[in-house]
Amino acid sequence: MSKSRPPLPLTPAVFHILLALFGKERHGYDIMQQVKADSEGAVKMGPGTLYGSLDRMIEAGLVAKGNTQEPRRIYYRLTALGQTTLRAETERLSRAARFARRLLGSA
Amino acid sequence: MTRPARQKESRSLRVYARLLELYPPSFLQRHRAEMLQNFVDLEDSAESKARLWLLIGKDLAISLISEFFRSRLGRYVIAVFVAWMLLFAIGYFFYGPTPGHPALHAFGGFLPGMLAMYIATRLYGTPQNSISHFFRSRFDIYVISVFVAWILLFVIGYYFYDPTRGHPALQVFGGCLVGMVAMYIATHVYGMP
């Protein structure tokens with residue numbers, strides 16, 4: 001995956017992880033809880049899915065590890081590319097939703 | 001190995017710690033401690049054990065498959081699987097679409113053979129390279145146990161199907177052994193994921 005261009009479209013899990021990390025560093029369990037709350041329970045992820053996604057997001061340059069020494073509570077944060085990607089995906093989803101509403105409204 | 005800070009480990013945590021061994025070592029090296037701590041947190045906040053294990057079971061099934069197929073060993077397994085499907089299709093074509101034909105039996109034995117060997121390598125470590133080490137590790141004991149169990153099944157099948165050449169038990173048995181050998185070679189050539 002390119003490290004300079006937002007890799008769109010995102011999977012729901014990646015989108016919600018980025019959203020959970022916006023403006024705040026979080027550890028794994030905190031991310032899972034935030035994702036569950038943000039999606040109103042629609043996206044529930046376990047540890048394996050979360051850390052698999054985080055590995056791929058770190059590799060893509062969307063997320064970075066915080067400066068924590070505690071191996072059980074590693075904090076993750078958004079990178080500049082992660083923020084750009086989150087904004088771009090939000091815009092893409094908004095456009096799609098606007099189009100769908102227009103289509104459904106005229107039907 | 002870092003363990004979550006807890007006076008006493010629950011049985012669920014011990015089971016989960018054992019299941020984590022199914023993940024590739026490189027993945028575990030990065031996340032084992034975090035995942036165990038997450039499990040403790042999830043267990044503390046879970047409404048019931050059933051809900052907790054439903055989430056964990058689903059998570060394990062999805063993420064294990066995903067992590068496995070990202071590895072070189074996973075790609076090898078896909079290649080072998082595709083080749084085997086091809087052989088199966090050829091066998092099916094030549095023997096005709098009758099139920100219980102040899103290709104189907106061999107194919108049916110091959111997949112559990114590969115799976116059995118993969119589980120063994122994940123749970124008990126990579127197989128020993130030297131024959132002098134054989135019979136000494138838990139891995140080898142596992143392989144021998146599977147082998148003995150399979151011989152037992154074969155004998156039962158042989159007894160019920162009569163000692164005719166090319167009967168189904170023999171075909172399934174052969175397929176399983178080929179599957180085990182294929183995975184054994186893969187772990188040596190490509191290493192564990």
# chains A, B, ... in the order shown; residues from 1 in each chain; ligands from 1
>>> interface_residues(of="chain B", to="chain A", cutoff="10 Å", atoms="only C-alpha atoms", output="ChimeraX atom specification")
/B:2-5,20,23,27,30-42,52,55-64,66-67
>>> residues_around(residues="segment 87-97 of chain A", least_positions_apart="5", cutoff="10 Å", atoms="only C-alpha atoms", output="VMD selection string")
chain A and resid 6 to 10 15 18 to 19 81 to 82 102 to 103
>>> select_by_dssp(residues="chain A", states="strand (DSSP E or B)", output="MDAnalysis selection string")
chainID A and resid 26:27 63:65 75:78
>>> select_by_dssp(residues="chain A", states="helix (DSSP H, G or I)", output="ChimeraX atom specification")
/A:12-21,28-38,47-59,80-106
>>> write_last_selection(atoms="C-alpha atoms", output="mmCIF file, in the first residue's frame")
data_model
loop_
_atom_site.group_PDB
_atom_site.id
_atom_site.type_symbol
_atom_site.label_atom_id
_atom_site.label_comp_id
_atom_site.auth_asym_id
_atom_site.auth_seq_id
_atom_site.Cartn_x
_atom_site.Cartn_y
_atom_site.Cartn_z
ATOM 1 C CA PRO A 12 -15.548 -0.776 8.102
ATOM 2 C CA ALA A 13 -13.072 -2.060 10.723
ATOM 3 C CA VAL A 14 -10.249 0.202 9.516
ATOM 4 C CA PHE A 15 -12.561 3.210 9.206
ATOM 5 C CA HIS A 16 -13.836 2.766 12.756
ATOM 6 C CA ILE A 17 -10.341 2.253 14.173
ATOM 7 C CA LEU A 18 -9.191 5.486 12.525
ATOM 8 C CA LEU A 19 -12.262 7.239 13.896
ATOM 9 C CA ALA A 20 -11.611 5.895 17.404
ATOM 10 C CA LEU A 21 -8.038 7.168 17.290
ATOM 11 C CA GLY A 28 -6.307 -2.000 22.229
ATOM 12 C CA TYR A 29 -9.203 -2.568 24.607
ATOM 13 C CA ASP A 30 -10.035 1.149 24.584
ATOM 14 C CA ILE A 31 -10.137 1.081 20.760
ATOM 15 C CA MET A 32 -12.479 -1.941 20.783
ATOM 16 C CA GLN A 33 -14.853 -0.246 23.213
ATOM 17 C CA GLN A 34 -14.790 3.040 21.294
ATOM 18 C CA VAL A 35 -15.469 1.277 17.982
ATOM 19 C CA LYS A 36 -18.420 -0.537 19.545
ATOM 20 C CA ALA A 37 -19.794 2.736 20.934
ATOM 21 C CA ASP A 38 -19.222 4.763 17.725
ATOM 22 C CA PRO A 47 -8.347 -8.848 19.744
ATOM 23 C CA GLY A 48 -7.224 -10.890 16.703
ATOM 24 C CA THR A 49 -9.112 -8.748 14.205
ATOM 25 C CA LEU A 50 -8.021 -5.546 15.921
ATOM 26 C CA TYR A 51 -4.290 -6.306 16.003
ATOM 27 C CA GLY A 52 -4.312 -7.768 12.488
ATOM 28 C CA SER A 53 -5.890 -4.522 11.261
ATOM 29 C CA LEU A 54 -3.495 -2.384 13.326
ATOM 30 C CA ASP A 55 -0.488 -4.240 11.840
ATOM 31 C CA ARG A 56 -1.716 -3.512 8.322
ATOM 32 C CA MET A 57 -2.500 0.101 9.230
ATOM 33 C CA ILE A 58 0.976 0.613 10.713
ATOM 34 C CA GLU A 59 2.466 -0.902 7.555
ATOM 35 C CA ALA A 80 -0.874 12.656 9.357
ATOM 36 C CA LEU A 81 -1.687 10.199 6.557
ATOM 37 C CA GLY A 82 -4.180 8.487 8.847
ATOM 38 C CA GLN A 83 -5.981 11.801 9.425
ATOM 39 C CA THR A 84 -5.990 12.606 5.715
ATOM 40 C CA THR A 85 -7.330 9.140 4.953
ATOM 41 C CA LEU A 86 -10.059 9.423 7.575
ATOM 42 C CA ARG A 87 -11.199 12.782 6.159
ATOM 43 C CA ALA A 88 -11.091 11.473 2.580
ATOM 44 C CA GLU A 89 -13.089 8.354 3.474
ATOM 45 C CA THR A 90 -15.645 10.403 5.410
ATOM 46 C CA GLU A 91 -16.058 12.655 2.382
ATOM 47 C CA ARG A 92 -16.406 9.625 0.081
ATOM 48 C CA LEU A 93 -19.060 8.077 2.325
ATOM 49 C CA SER A 94 -20.915 11.416 2.560
ATOM 50 C CA ARG A 95 -20.998 11.709 -1.219
ATOM 51 C CA ALA A 96 -22.289 8.147 -1.508
ATOM 52 C CA ALA A 97 -24.941 8.804 1.165
ATOM 53 C CA ARG A 98 -26.018 12.060 -0.541
ATOM 54 C CA PHE A 99 -26.355 10.247 -3.852
ATOM 55 C CA ALA A 100 -28.321 7.400 -2.259
ATOM 56 C CA ARG A 101 -30.671 9.823 -0.482
ATOM 57 C CA ARG A 102 -31.278 11.707 -3.734
ATOM 58 C CA LEU A 103 -31.952 8.469 -5.577
ATOM 59 C CA LEU A 104 -34.250 7.087 -2.905
ATOM 60 C CA GLY A 105 -36.007 10.459 -2.498
ATOM 61 C CA SER A 106 -36.879 10.592 -6.181
#
